[in-house]
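Student: Supplied structure: target_28.cif, mmCIF, C-alpha atoms and all ligand atoms.
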data_work
loop_
_atom_site.label_atom_id
_atom_site.label_comp_id
_atom_site.auth_asym_id
_atom_site.auth_seq_id
_atom_site.Cartn_x
_atom_site.Cartn_y
_atom_site.Cartn_z
CA MET C 1199 -1.43 -27.19 -7.61
CA LYS C 1200 0.59 -24.19 -8.66
CA LYS C 1201 1.27 -21.47 -6.11
CA PRO C 1202 -0.61 -18.19 -6.55
CA VAL C 1203 1.31 -15.28 -8.06
CA ILE C 1204 1.38 -11.89 -6.35
CA GLY C 1205 2.19 -8.87 -8.51
CA ILE C 1206 4.08 -6.06 -6.78
CA SER C 1207 3.89 -2.51 -8.15
CA THR C 1208 7.34 -1.01 -8.64
CA SER C 1209 8.89 2.42 -8.27
CA VAL C 1210 11.72 4.30 -9.94
CA LEU C 1211 15.11 5.01 -8.43
CA VAL C 1212 17.60 7.48 -9.87
CA ASP C 1213 21.07 5.96 -9.72
CA GLN C 1214 23.60 8.20 -7.96
CA GLU C 1215 26.34 5.72 -7.22
CA SER C 1216 27.34 3.60 -10.17
CA GLY C 1217 28.96 4.44 -13.49
CA PHE C 1218 25.64 5.76 -14.82
CA PRO C 1219 24.72 8.75 -12.65
CA GLY C 1220 21.19 9.96 -13.26
CA TYR C 1221 20.17 6.64 -14.77
CA GLU C 1222 16.66 5.44 -13.82
CA ARG C 1223 16.11 1.97 -12.40
CA ILE C 1224 12.80 0.21 -11.78
CA TYR C 1225 12.74 -1.44 -8.35
CA VAL C 1226 10.96 -2.66 -5.23
CA ASN C 1227 12.44 -3.11 -1.77
CA LYS C 1228 13.44 -6.72 -1.24
CA ASP C 1229 11.14 -6.98 1.83
CA TYR C 1230 8.05 -7.08 -0.40
CA VAL C 1231 9.50 -9.98 -2.37
CA SER C 1232 10.57 -11.90 0.76
CA SER C 1233 7.14 -11.38 2.38
CA VAL C 1234 5.34 -12.88 -0.63
CA ILE C 1235 7.71 -15.83 -0.79
CA SER C 1236 7.46 -16.59 2.92
CA ALA C 1237 3.64 -16.44 2.74
CA GLY C 1238 3.74 -19.20 0.11
CA ALA C 1239 3.29 -17.36 -3.20
CA VAL C 1240 5.38 -16.41 -6.22
CA PRO C 1241 6.31 -12.72 -6.41
CA LEU C 1242 6.15 -10.91 -9.76
CA MET C 1243 7.39 -7.35 -10.03
CA ILE C 1244 5.17 -5.21 -12.25
CA PRO C 1245 7.27 -2.58 -14.03
CA MET C 1246 6.05 1.01 -14.08
CA ASP C 1247 4.10 1.33 -17.32
CA ASP C 1248 1.00 3.29 -18.19
CA THR C 1249 0.08 1.24 -21.27
CA GLU C 1250 -3.36 -0.15 -20.54
CA ASP C 1251 -3.04 -3.19 -22.86
CA ASN C 1252 0.23 -4.19 -21.24
CA LEU C 1253 -1.12 -3.90 -17.74
CA ARG C 1254 -4.23 -5.89 -18.62
CA GLN C 1255 -2.02 -8.63 -20.01
CA THR C 1256 0.23 -8.57 -16.93
CA LEU C 1257 -2.76 -8.83 -14.61
CA GLU C 1258 -3.76 -12.07 -16.34
CA LEU C 1259 -0.56 -13.54 -14.90
CA VAL C 1260 -1.29 -12.69 -11.26
CA ASP C 1261 -3.74 -13.74 -8.54
CA GLY C 1262 -3.27 -10.72 -6.28
CA VAL C 1263 -1.54 -7.34 -6.25
CA ILE C 1264 0.49 -5.45 -3.66
CA PHE C 1265 0.67 -1.69 -4.13
CA SER C 1266 4.01 -0.72 -2.64
CA GLY C 1267 5.17 2.33 -0.71
CA GLY C 1268 6.97 5.45 -1.92
CA HIS C 1269 6.26 8.95 -3.20
CA ASP C 1270 3.48 11.27 -2.10
CA ILE C 1271 0.47 11.17 -4.40
CA ALA C 1272 0.05 14.37 -6.42
CA PRO C 1273 -2.65 16.32 -4.52
CA ILE C 1274 -4.42 17.20 -7.79
CA ARG C 1275 -5.63 13.57 -7.61
CA TYR C 1276 -7.78 14.60 -4.65
CA GLN C 1277 -8.58 18.12 -5.88
CA GLU C 1278 -6.04 20.01 -3.78
CA GLU C 1279 -3.19 22.34 -4.64
CA PRO C 1280 0.26 21.43 -3.27
CA HIS C 1281 0.93 22.49 0.33
CA GLN C 1282 4.43 23.67 1.37
CA LYS C 1283 4.91 20.43 3.27
CA LEU C 1284 4.12 18.12 0.39
CA GLN C 1285 7.14 15.92 -0.30
CA GLU C 1286 8.38 14.43 -3.55
CA ILE C 1287 5.74 13.36 -6.04
CA CYS C 1288 6.11 11.18 -9.15
CA PRO C 1289 3.30 11.82 -11.65
CA GLU C 1290 4.60 9.00 -13.87
CA ARG C 1291 4.13 6.57 -11.00
CA ASP C 1292 0.68 8.01 -10.26
CA GLU C 1293 -0.34 7.28 -13.86
CA PHE C 1294 0.85 3.71 -13.51
CA ASP C 1295 -0.56 3.01 -10.04
CA PHE C 1296 -3.98 4.57 -10.57
CA LEU C 1297 -4.43 2.64 -13.82
CA LEU C 1298 -3.16 -0.62 -12.33
CA TYR C 1299 -5.50 -0.19 -9.37
CA ARG C 1300 -8.53 0.40 -11.61
CA LEU C 1301 -7.71 -2.64 -13.76
CA ALA C 1302 -6.99 -4.87 -10.75
CA LYS C 1303 -10.33 -3.91 -9.24
CA GLU C 1304 -12.18 -4.62 -12.49
CA LYS C 1305 -10.83 -8.15 -12.27
CA LYS C 1306 -11.72 -8.38 -8.57
CA LEU C 1307 -8.12 -9.31 -7.80
CA PRO C 1308 -7.14 -9.42 -4.13
CA ILE C 1309 -5.41 -6.13 -3.28
CA LEU C 1310 -3.05 -5.16 -0.48
CA GLY C 1311 -2.00 -1.50 -0.33
CA ILE C 1312 1.00 -0.54 1.78
CA CYS C 1313 1.80 3.06 2.82
CA ARG C 1314 1.63 4.94 -0.49
CA GLY C 1315 -0.35 1.95 -1.79
CA PHE C 1316 -2.85 2.41 1.06
CA GLN C 1317 -3.13 6.13 0.29
CA LEU C 1318 -3.54 5.30 -3.39
CA MET C 1319 -6.47 3.00 -2.57
CA ASN C 1320 -8.11 5.73 -0.53
CA VAL C 1321 -7.65 8.44 -3.17
CA SER C 1322 -8.72 6.11 -6.01
CA GLU C 1323 -11.91 5.43 -4.12
CA GLY C 1324 -12.61 9.16 -3.76
CA GLY C 1325 -11.08 9.84 -0.34
CA LYS C 1326 -8.66 12.62 0.59
CA LEU C 1327 -5.34 12.89 2.40
CA TYR C 1328 -3.73 15.34 4.79
CA GLN C 1329 -0.75 16.51 2.76
CA ASP C 1330 1.16 16.58 6.04
CA LEU C 1331 0.24 15.38 9.54
CA SER C 1332 0.76 18.90 10.90
CA LEU C 1333 -2.39 19.93 8.99
CA LYS C 1334 -4.57 17.66 11.13
CA ASP C 1335 -6.65 19.64 13.64
CA THR C 1336 -5.36 17.66 16.62
CA GLU C 1337 -1.77 16.87 17.43
CA SER C 1338 -0.35 13.54 16.24
CA PHE C 1339 2.20 11.15 17.66
CA LYS C 1340 5.49 10.62 15.91
CA HIS C 1341 4.59 8.79 12.69
CA SER C 1342 8.00 9.22 11.05
CA GLN C 1343 10.08 7.01 13.28
CA GLY C 1344 13.08 7.58 11.07
CA HIS C 1345 15.02 4.48 12.11
CA GLY C 1346 14.79 0.72 12.65
CA PRO C 1347 12.17 -0.35 10.08
CA SER C 1348 11.75 -3.63 11.93
CA ILE C 1349 10.92 -1.92 15.25
CA PRO C 1350 7.22 -1.40 15.99
CA THR C 1351 6.88 2.07 17.57
CA HIS C 1352 3.17 2.80 17.99
CA THR C 1353 -0.10 1.04 18.72
CA ALA C 1354 -3.02 0.62 16.34
CA LYS C 1355 -6.54 -0.28 17.43
CA VAL C 1356 -8.29 -2.78 15.17
CA GLU C 1357 -11.98 -2.21 14.43
CA ALA C 1358 -14.18 -5.08 15.67
CA GLY C 1359 -16.10 -6.77 12.87
CA SER C 1360 -13.66 -5.69 10.15
CA LYS C 1361 -11.82 -7.97 7.74
CA PHE C 1362 -8.65 -6.60 9.30
CA HIS C 1363 -9.84 -7.95 12.64
CA ASP C 1364 -10.57 -11.34 11.03
CA ILE C 1365 -7.02 -11.40 9.69
CA LEU C 1366 -5.32 -10.48 12.95
CA GLY C 1367 -7.71 -12.01 15.46
CA LYS C 1368 -7.03 -9.23 17.96
CA GLU C 1369 -8.03 -5.71 18.86
CA GLU C 1370 -4.66 -4.08 19.17
CA ILE C 1371 -1.37 -4.37 17.31
CA ARG C 1372 2.01 -2.65 17.36
CA VAL C 1373 3.19 -1.17 14.07
CA ASN C 1374 6.10 0.73 12.57
CA SER C 1375 5.53 4.18 11.11
CA PHE C 1376 7.15 5.93 8.14
CA HIS C 1377 4.59 8.42 6.91
CA HIS C 1378 4.14 12.18 7.06
CA GLN C 1379 0.71 12.11 5.41
CA ALA C 1380 -2.55 10.54 6.57
CA VAL C 1381 -6.07 9.75 5.46
CA LYS C 1382 -8.32 12.83 5.86
CA SER C 1383 -11.58 11.37 4.54
CA VAL C 1384 -12.85 8.14 3.01
CA SER C 1385 -15.58 7.57 0.45
CA GLU C 1386 -18.63 5.37 0.94
CA ASN C 1387 -16.73 2.45 -0.69
CA VAL C 1388 -14.19 2.34 2.12
CA VAL C 1389 -14.30 1.31 5.78
CA ILE C 1390 -11.73 2.47 8.33
CA SER C 1391 -10.53 -0.66 10.10
CA GLY C 1392 -7.58 0.54 12.17
CA ARG C 1393 -6.40 3.72 13.90
CA ALA C 1394 -3.46 4.86 15.96
CA LEU C 1395 -4.39 6.12 19.44
CA ASP C 1396 -4.13 9.73 18.18
CA GLY C 1397 -6.86 8.97 15.63
CA VAL C 1398 -4.60 8.66 12.58
CA VAL C 1399 -6.03 6.08 10.18
CA GLU C 1400 -3.72 3.07 9.95
CA ALA C 1401 -5.91 0.58 8.03
CA ILE C 1402 -8.77 0.67 5.54
CA GLU C 1403 -10.67 -1.92 3.55
CA LEU C 1404 -12.95 -1.97 0.54
CA LYS C 1405 -16.65 -2.63 1.06
CA ASP C 1406 -18.28 -5.35 -1.04
CA TYR C 1407 -15.01 -6.59 -2.44
CA PRO C 1408 -13.40 -10.01 -2.00
CA PHE C 1409 -10.09 -8.80 -0.52
CA GLY C 1410 -9.11 -5.12 -0.52
CA VAL C 1411 -7.00 -4.15 2.48
CA GLY C 1412 -4.73 -1.14 2.93
CA VAL C 1413 -2.31 -0.38 5.74
CA GLN C 1414 -0.43 2.82 6.50
CA PHE C 1415 2.42 0.95 8.17
CA HIS C 1416 4.97 -1.41 6.60
CA PRO C 1417 4.19 -5.04 7.50
CA GLU C 1418 6.78 -6.23 4.96
CA MET C 1419 9.53 -4.74 7.14
CA LEU C 1420 8.21 -6.46 10.26
CA GLN C 1421 6.86 -9.81 9.13
CA GLU C 1422 10.07 -11.74 9.64
CA LYS C 1423 9.92 -11.11 13.39
CA GLU C 1424 6.31 -10.20 14.07
CA GLU C 1425 3.67 -12.90 13.67
CA ASP C 1426 0.82 -10.34 13.37
CA MET C 1427 2.45 -8.76 10.36
CA LYS C 1428 2.99 -12.09 8.68
CA LYS C 1429 -0.74 -12.80 9.00
CA ILE C 1430 -1.48 -9.93 6.60
CA PHE C 1431 0.54 -11.56 3.81
CA VAL C 1432 -0.82 -15.01 4.60
CA ALA C 1433 -4.37 -13.58 4.28
CA LEU C 1434 -3.52 -11.97 0.94
CA VAL C 1435 -2.06 -15.22 -0.37
CA SER C 1436 -5.04 -17.19 0.83
CA ALA C 1437 -7.38 -14.77 -1.02
CA ALA C 1438 -5.13 -15.11 -4.06
CA ARG C 1439 -5.36 -18.90 -3.89
CA GLU C 1440 -9.15 -18.59 -3.90
CA TYR C 1441 -8.99 -16.24 -6.89
CA GLN C 1442 -6.68 -18.63 -8.68
CA GLY C 1443 -9.12 -21.50 -8.07
CA LYS C 1444 -11.88 -19.60 -9.88
CA LYS C 1445 -9.82 -18.54 -12.92
MN MN D 1501 1.66 5.62 11.86
#
Would you write the structure of this file as structure tokens?

Tutor:
Amino acid sequence: MKKPVIGISTSVLVDQESGFPGYERIYVNKDYVSSVISAGAVPLMIPMDDTEDNLRQTLELVDGVIFSGGHDIAPIRYQEEPHQKLQEICPERDEFDFLLYRLAKEKKLPILGICRGFQLMNVSEGGKLYQDLSLKDTESFKHSQGHGPSIPTHTAKVEAGSKFHDILGKEEIRVNSFHHQAVKSVSENVVISGRALDGVVEAIELKDYPFGVGVQFHPEMLQEKEEDMKKIFVALVSAAREYQGKK
């Protein structure tokens, strides 16, 4: 049987180095690709595009989708004006990601959201974000570790009875942290399935959906060394295999 295919949403990078300064390149970090391969699936990068027909056609080729990390989501998407501490946004990428997410959900494709992808899931479902962690009413730990992507720096508690708990088979994990924003509220379609010890939401999942998991941390940067992080990709690929079997 063919391996399942996992689509990975891409971002845009402005070239500063080569002979084409200012030139835009479509990319994903290699970690996402390696994680999909090592979990037993075929990675397929999905170029930034907001043409609905094209994205529908692309989604016919995949059995699961990873929404990758990156820019802040424009706060207008959750009915807020930009705070001073909002960082770089990319409305073009918002157009692409929000559309891709809606279409992937229509098809009931397995979804894994990572960092921005996790925030995108939450906002798409009607939840809100803190534009910066300093806006949270209680003090947070350091969630921008700023170095060593493959070093876990804080703990996350895993909610008993959640899909996330099924995946990990434990109540506590150690994660890395590269975010200055956080989930402020979730809609009735979403369950919070993991939190840092300061209360910051680190994992969510979709209710009544085959596989819809989002994580605030970056398992793709850890999975080579950390077995817990690898389990997340293995679970996605196993859901994708099931999807593929029903196509
Ligand atoms: Mn964190």

Student: Name the residues in contact with C:Ile1244 at a cut-off of 6 Å, using all atoms listed in the file, excluding same-chain residues fewer than 3 positions from it; report them as a PDB file with C-alpha atoms, keeping the file's coordinate frame.

Tutor:
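around.pdb, freshly written:
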ATOM      1  CA  ILE C1206       4.080  -6.060  -6.780  1.00  0.00           C
ATOM      2  CA  SER C1207       3.890  -2.510  -8.150  1.00  0.00           C
ATOM      3  CA  THR C1208       7.340  -1.010  -8.640  1.00  0.00           C
TER       4      THR C1208
END

Student: Would you pick out the contacts of stretch 1348-1357 of chain C at 10 Å or less, using all atoms listed in the file, so that residues sharing its chain but fewer than 2 positions from it are not included, and give the list as a ChimeraX atom specification?

Tutor: /C:1339-1343,1345-1346,1359-1364,1366-1375,1389-1402,1415-1424

Student: Rounded to one decimal, what separation in Å do you get between atom CA of C:Leu1327 and atom CA of C:Glu1278?

Tutor: 9.5 Å

Student: Please, what distance in Å, to one decimal, runs between atom CA of C:Ile1274 and atom CA of C:Lys1303?

Tutor: 22.0 Å

Student: Between C:His1378, C:Lys1306, C:Arg1300, C:Lys1228, which has the minimum distance to ligand MN 1501 (chain D) (counting only C-alpha atoms and all ligand atoms)?

Tutor: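 Answer, going by the shortest atom-to-atom distance: C:His1378.
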
Student: Using all atoms listed in the file, which residue out of C:Leu1242, C:Met1427, C:Leu1318, C:Ala1380 lies closest to ligand MN 1501 (chain D)?

Tutor: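 Between C:Leu1242, C:Met1427, C:Leu1318, C:Ala1380, the residue approaching ligand MN 1501 (chain D) most closely is C:Ala1380.
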
Student: Separation of atom CA of C:Gln1282 and atom CA of C:Leu1331, in Å?

Tutor: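 Straight-line distance from atom CA of C:Gln1282 to atom CA of C:Leu1331 works out to 12.4 Å.
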
Student: With distances taken over all atoms listed in the file, which of C:Asn1387, C:Cys1313, C:Glu1337, C:Leu1257 is nearest to ligand MN 1501 (chain D)?

Tutor: C:Cys1313

Student: Taking (-0.4, -3.0, -19.0) in the coordinates of the supplied file, I want to know which residues reach to within 12 Å of it, counting all atoms listed in the file; could you give the answer as a ChimeraX atom specification?

Tutor: /C:1207,1244-1259,1293-1302

Student: Which one is closest to C:Ser1338: C:His1377, C:Gly1315, C:Asn1227, C:Lys1326? Count all atoms listed in the file.

Tutor: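 Looking only at the distances to C:Ser1338, the closest residue turns out to be C:His1377.
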
Student: Measuring atom to atom with all atoms listed in the file, identify which of C:Val1411, C:Leu1211, C:Ile1312, C:Ala1437 is nearest to ligand MN 1501 (chain D).

Tutor: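 Of all the options, C:Ile1312 lies closest to ligand MN 1501 (chain D).
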